[in-house]
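Asks: I'd like to ask some things about the structure below.
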Amino acid sequence: MNSKKILCVLSVAAASLLSACANFGQQVPLDNPTAYSLPDGKTADVRSAWWRQLKDPKLNRYIEQALEKAPALQAARSRMEQAQAQIGLVGAANKTQVSLNATGFGMLSSSKPDMPYSPEAQPNHVLTLANTSLQVGWSFDFWGKNRAQIASVIGQQNAIRYEAEQTRLMLAHAVAAQYFAWQGLKAQQDILKQRIDNASAHEKLLQQRVKAQLLAPSAVYAAQQARQQLEGQILALEREAARARHALAVLTGQPANALDKDSPSSMAGVPVVRSGTLRADLLARRPDIAAQRELLNSKTKAIQSTRAEFYPNIELKLLAGLSRIDAFNLINNQSGMLGVLPAVHLPIFTSGALQSKLAGRHAEYNQQVAQYNQTVLDAMRTAADAVSDYQISRQQLTQQQAVLATARKSVAAIQRRVGAGLENKTAYLQKNDELLQQQAALSIQQSTALLAWSHLQAQLGGGFLADEGEKIE
């Protein structure tokens, strides 16, 4: 019977405590992330470290240097360490807190002016007080405030980790893009040198005919002008190549002129990627989307933590130590002290502070929902662009290869006609220059296709998987 009464009293007390707490007030409803529908399946077979497929040691080294020295990645590591420290700070609130306190107090007081002097009755005018205690405290997380705070910080930490993965992807692609541009420019320079040699041979042939009085001296001018224009193009390409080298050096954490004495490897073939329409796996393979999703989870936990502040907060402290008015006689069998200090905090009326804080959490969550939706939309657009760019670049590369094959047949035919005495060497030099122009066009198209391939790998996540939090090797 007594136990039933006690239980009834405790229930009434708990109900009274909860009813005395502040109400949530009028809050803005929480938005829901948009569920974008994509067909099931895999968009493309994309793996991590995609650049290694080209088997180019220089490209591998440049990207490894960039990933090792990038300030953005170093900043991300520092942010993750800060988040880990925050987790430890919040988690400590639920654990036992032990502290040792010691205080002392001394005061000298004068006697009353009207008190007659008497050596026997003269009191001690020095007052001393000493206290030392060991304090143990607990804070009970009945409503999950601290647990929600920890989960919120963990969500932020995961978001930082995924953002770092996105930075790695974009940085690797940026290095590859500059390297492919450098390769294309180097190939065009080499072809231009061949065209200059071809133009010089044509000019020399014309000079011989002028010397033999077969042509007027002015017949050489057009050939000279053509050669001079090609030499100007060489300088323009050198300027663009220097810019690509400088950008690549800075991306790899080196001085801008660090690669001036280096040269790229020959361009590799463009790998084949079977890709079609965007599939549902895109939403799980993009680190930027995964980061936004983790931030959504973090905002949800922040709302739960703020809601818990509307309920009572219960703490318990135990004190054990020594306390005595005579400080110089503190250690005494009569100086012992033992105390139990329970505390209950009821947020009955806060002038709207808690409601405003919760309203701010709701607004932050809705803002994050909008950011998530925008990130998904941007990801689908850029991924679709990357797929179409790669497919068209592959088609253009194939078409240019066919054009080059036809140009080679034309040069071979003119060579046979020159050998048979049906054409002069001038016709051969003209056709050979056309062949070299098609080779330059092919090098440009191959560089563009490699860039589109790298961009496709980055836009499809570069082998990242959000669920497992790891890459596909």
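Each chain in the structure tokens gets a letter, A, B and so on, in the order shown; residues start at 1 in every chain, and ligands are counted from 1 in the order they appear.
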Would you list, as a PyMOL selection string, the residues of segment 188-345 of chain A that end up in alpha helix (DSSP H) under DSSP run on this structure's backbone?
Replies: chain A and resi 188-211+221-251+282-285+287-308
Asks: Can you write just those residues out, C-alpha atoms, as a PDB file, in the first residue's frame?
Replies:
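Once written, result04.pdb looks like this:
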ATOM      1  CA  GLN A 188      50.486  20.904 -81.385  1.00  0.00           C
ATOM      2  CA  GLN A 189      53.927  22.489 -80.962  1.00  0.00           C
ATOM      3  CA  ASP A 190      55.612  19.377 -82.307  1.00  0.00           C
ATOM      4  CA  ILE A 191      53.281  19.320 -85.314  1.00  0.00           C
ATOM      5  CA  LEU A 192      53.820  23.032 -85.945  1.00  0.00           C
ATOM      6  CA  LYS A 193      57.563  22.427 -86.090  1.00  0.00           C
ATOM      7  CA  GLN A 194      56.930  19.813 -88.781  1.00  0.00           C
ATOM      8  CA  ARG A 195      54.742  22.274 -90.658  1.00  0.00           C
ATOM      9  CA  ILE A 196      57.510  24.898 -90.451  1.00  0.00           C
ATOM     10  CA  ASP A 197      59.966  22.367 -91.889  1.00  0.00           C
ATOM     11  CA  ASN A 198      57.447  21.587 -94.607  1.00  0.00           C
ATOM     12  CA  ALA A 199      56.957  25.318 -95.332  1.00  0.00           C
ATOM     13  CA  SER A 200      60.740  25.858 -95.407  1.00  0.00           C
ATOM     14  CA  ALA A 201      61.103  23.043 -97.944  1.00  0.00           C
ATOM     15  CA  HIS A 202      58.383  24.633-100.076  1.00  0.00           C
ATOM     16  CA  GLU A 203      60.072  28.013 -99.808  1.00  0.00           C
ATOM     17  CA  LYS A 204      63.433  26.499-100.776  1.00  0.00           C
ATOM     18  CA  LEU A 205      61.876  24.798-103.793  1.00  0.00           C
ATOM     19  CA  LEU A 206      60.400  28.097-104.967  1.00  0.00           C
ATOM     20  CA  GLN A 207      63.712  29.872-104.505  1.00  0.00           C
ATOM     21  CA  GLN A 208      65.375  27.269-106.706  1.00  0.00           C
ATOM     22  CA  ARG A 209      62.803  27.932-109.414  1.00  0.00           C
ATOM     23  CA  VAL A 210      63.311  31.680-109.053  1.00  0.00           C
ATOM     24  CA  LYS A 211      67.058  31.138-109.393  1.00  0.00           C
ATOM     25  CA  TYR A 221      56.654  35.869-100.711  1.00  0.00           C
ATOM     26  CA  ALA A 222      53.526  33.826 -99.985  1.00  0.00           C
ATOM     27  CA  ALA A 223      55.597  30.850 -98.849  1.00  0.00           C
ATOM     28  CA  GLN A 224      57.728  33.079 -96.624  1.00  0.00           C
ATOM     29  CA  GLN A 225      54.631  34.641 -95.104  1.00  0.00           C
ATOM     30  CA  ALA A 226      53.140  31.219 -94.397  1.00  0.00           C
ATOM     31  CA  ARG A 227      56.328  30.115 -92.606  1.00  0.00           C
ATOM     32  CA  GLN A 228      56.461  33.287 -90.545  1.00  0.00           C
ATOM     33  CA  GLN A 229      52.841  32.873 -89.486  1.00  0.00           C
ATOM     34  CA  LEU A 230      53.564  29.313 -88.309  1.00  0.00           C
ATOM     35  CA  GLU A 231      56.508  30.586 -86.265  1.00  0.00           C
ATOM     36  CA  GLY A 232      54.164  33.103 -84.625  1.00  0.00           C
ATOM     37  CA  GLN A 233      51.749  30.307 -83.786  1.00  0.00           C
ATOM     38  CA  ILE A 234      54.595  28.437 -82.086  1.00  0.00           C
ATOM     39  CA  LEU A 235      55.110  31.395 -79.745  1.00  0.00           C
ATOM     40  CA  ALA A 236      51.382  31.615 -78.987  1.00  0.00           C
ATOM     41  CA  LEU A 237      51.313  27.914 -78.106  1.00  0.00           C
ATOM     42  CA  GLU A 238      54.370  28.353 -75.891  1.00  0.00           C
ATOM     43  CA  ARG A 239      52.560  31.072 -73.976  1.00  0.00           C
ATOM     44  CA  GLU A 240      49.543  28.801 -73.397  1.00  0.00           C
ATOM     45  CA  ALA A 241      51.798  25.896 -72.428  1.00  0.00           C
ATOM     46  CA  ALA A 242      53.598  28.111 -69.896  1.00  0.00           C
ATOM     47  CA  ARG A 243      50.267  29.015 -68.329  1.00  0.00           C
ATOM     48  CA  ALA A 244      49.284  25.359 -68.096  1.00  0.00           C
ATOM     49  CA  ARG A 245      52.650  24.503 -66.481  1.00  0.00           C
ATOM     50  CA  HIS A 246      52.315  27.326 -63.966  1.00  0.00           C
ATOM     51  CA  ALA A 247      48.769  26.309 -63.038  1.00  0.00           C
ATOM     52  CA  LEU A 248      49.808  22.674 -62.689  1.00  0.00           C
ATOM     53  CA  ALA A 249      52.792  23.600 -60.499  1.00  0.00           C
ATOM     54  CA  VAL A 250      50.625  25.648 -58.153  1.00  0.00           C
ATOM     55  CA  LEU A 251      48.012  22.889 -57.946  1.00  0.00           C
ATOM     56  CA  LEU A 282      24.208   8.943 -58.705  1.00  0.00           C
ATOM     57  CA  LEU A 283      22.620  10.153 -55.444  1.00  0.00           C
ATOM     58  CA  ALA A 284      24.711   7.670 -53.437  1.00  0.00           C
ATOM     59  CA  ARG A 285      27.961   8.159 -55.339  1.00  0.00           C
ATOM     60  CA  PRO A 287      30.272  13.154 -52.002  1.00  0.00           C
ATOM     61  CA  ASP A 288      28.682  16.610 -52.173  1.00  0.00           C
ATOM     62  CA  ILE A 289      25.186  15.101 -51.936  1.00  0.00           C
ATOM     63  CA  ALA A 290      26.291  12.836 -49.090  1.00  0.00           C
ATOM     64  CA  ALA A 291      27.668  15.875 -47.244  1.00  0.00           C
ATOM     65  CA  GLN A 292      24.371  17.728 -47.602  1.00  0.00           C
ATOM     66  CA  ARG A 293      22.493  14.672 -46.357  1.00  0.00           C
ATOM     67  CA  GLU A 294      24.696  14.490 -43.262  1.00  0.00           C
ATOM     68  CA  LEU A 295      24.119  18.187 -42.614  1.00  0.00           C
ATOM     69  CA  LEU A 296      20.385  17.515 -42.770  1.00  0.00           C
ATOM     70  CA  ASN A 297      20.785  14.811 -40.141  1.00  0.00           C
ATOM     71  CA  SER A 298      22.858  17.189 -38.036  1.00  0.00           C
ATOM     72  CA  LYS A 299      20.163  19.870 -38.186  1.00  0.00           C
ATOM     73  CA  THR A 300      17.520  17.296 -37.194  1.00  0.00           C
ATOM     74  CA  LYS A 301      19.516  16.312 -34.114  1.00  0.00           C
ATOM     75  CA  ALA A 302      20.065  19.979 -33.257  1.00  0.00           C
ATOM     76  CA  ILE A 303      16.282  20.439 -33.201  1.00  0.00           C
ATOM     77  CA  GLN A 304      15.904  17.433 -30.899  1.00  0.00           C
ATOM     78  CA  SER A 305      18.578  18.813 -28.567  1.00  0.00           C
ATOM     79  CA  THR A 306      16.885  22.216 -28.454  1.00  0.00           C
ATOM     80  CA  ARG A 307      13.501  20.627 -27.714  1.00  0.00           C
ATOM     81  CA  ALA A 308      15.052  18.788 -24.769  1.00  0.00           C
TER      82      ALA A 308
END
Asks: Which residues are close to Leu460 of chain A, i.e. within 9 Å by only C-alpha atoms, leaving aside same-chain residues fewer than 5 positions away? Reply as a list of chain:residue names.
Replies: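 With the cut-off at 9 Å, the set is A:Thr43, A:Ala44, A:Val46, A:Leu282, A:Arg285, A:Arg286, A:Ala379, A:Ala383, A:Ala386, A:His455.
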Asks: So that I can see what lies close to Ala177 of chain A, please list as an NGL selection string the residues with an atom at most 10 Å from it, counting only C-alpha atoms and leaving out residues fewer than 6 positions away in the same chain.
Replies: :A and (171 or 183 or 244 or 248 or 447-448 or 450-455)
Asks: Pick from A:Tyr365, A:Phe140, A:Phe310, A:Tyr179: nearest to Tyr62 of chain A, with only C-alpha atoms counted?
Replies: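 Using only C-alpha atoms, Tyr62 of chain A sits closest to A:Tyr179.
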Asks: Could you list, as a PDB file with all heavy atoms, in the first residue's frame, every residue within 9 Å of Gln27 of chain A, counting only C-alpha atoms and ignoring same-chain residues fewer than 4 positions away?
Replies:
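Now in result_22.pdb:
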ATOM      1  N   GLN A 355      11.779  29.436 -27.124  1.00  0.00           N
ATOM      2  CA  GLN A 355      10.961  29.342 -28.335  1.00  0.00           C
ATOM      3  C   GLN A 355      11.685  29.969 -29.531  1.00  0.00           C
ATOM      4  O   GLN A 355      11.636  29.445 -30.653  1.00  0.00           O
ATOM      5  CB  GLN A 355       9.615  30.048 -28.114  1.00  0.00           C
ATOM      6  CG  GLN A 355       8.672  29.324 -27.165  1.00  0.00           C
ATOM      7  CD  GLN A 355       8.994  29.578 -25.704  1.00  0.00           C
ATOM      8  OE1 GLN A 355       9.955  30.284 -25.380  1.00  0.00           O
ATOM      9  NE2 GLN A 355       8.190  29.009 -24.810  1.00  0.00           N
ATOM     10  N   LEU A 358      14.410  27.571 -30.680  1.00  0.00           N
ATOM     11  CA  LEU A 358      13.837  26.468 -31.454  1.00  0.00           C
ATOM     12  C   LEU A 358      13.405  26.942 -32.840  1.00  0.00           C
ATOM     13  O   LEU A 358      13.583  26.229 -33.837  1.00  0.00           O
ATOM     14  CB  LEU A 358      12.655  25.864 -30.701  1.00  0.00           C
ATOM     15  CG  LEU A 358      11.971  24.664 -31.360  1.00  0.00           C
ATOM     16  CD1 LEU A 358      12.958  23.521 -31.554  1.00  0.00           C
ATOM     17  CD2 LEU A 358      10.772  24.200 -30.538  1.00  0.00           C
ATOM     18  N   ALA A 359      12.844  28.155 -32.903  1.00  0.00           N
ATOM     19  CA  ALA A 359      12.455  28.703 -34.212  1.00  0.00           C
ATOM     20  C   ALA A 359      13.677  28.856 -35.110  1.00  0.00           C
ATOM     21  O   ALA A 359      13.615  28.608 -36.322  1.00  0.00           O
ATOM     22  CB  ALA A 359      11.752  30.042 -34.026  1.00  0.00           C
ATOM     23  N   HIS A 362      14.546  25.470 -36.495  1.00  0.00           N
ATOM     24  CA  HIS A 362      13.644  25.102 -37.592  1.00  0.00           C
ATOM     25  C   HIS A 362      14.041  25.821 -38.875  1.00  0.00           C
ATOM     26  O   HIS A 362      14.032  25.223 -39.966  1.00  0.00           O
ATOM     27  CB  HIS A 362      12.203  25.466 -37.205  1.00  0.00           C
ATOM     28  CG  HIS A 362      11.542  24.438 -36.345  1.00  0.00           C
ATOM     29  ND1 HIS A 362      10.296  23.929 -36.602  1.00  0.00           N
ATOM     30  CD2 HIS A 362      11.968  23.805 -35.217  1.00  0.00           C
ATOM     31  CE1 HIS A 362       9.962  23.038 -35.679  1.00  0.00           C
ATOM     32  NE2 HIS A 362      10.973  22.953 -34.819  1.00  0.00           N
TER      33      HIS A 362
END
Asks: Quick one: pull the distance between atom CA of Gly41 of chain A and atom CA of Arg274 of chain A, Å, one decimal.
Replies: 12.9 Å
Asks: Of the residues A:Asn60, A:Gln371, A:Thr406, A:Gln135, which is the one nearest to His173 of chain A, using only C-alpha atoms?
Replies: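 Closest to His173 of chain A of all the choices is A:Asn60.
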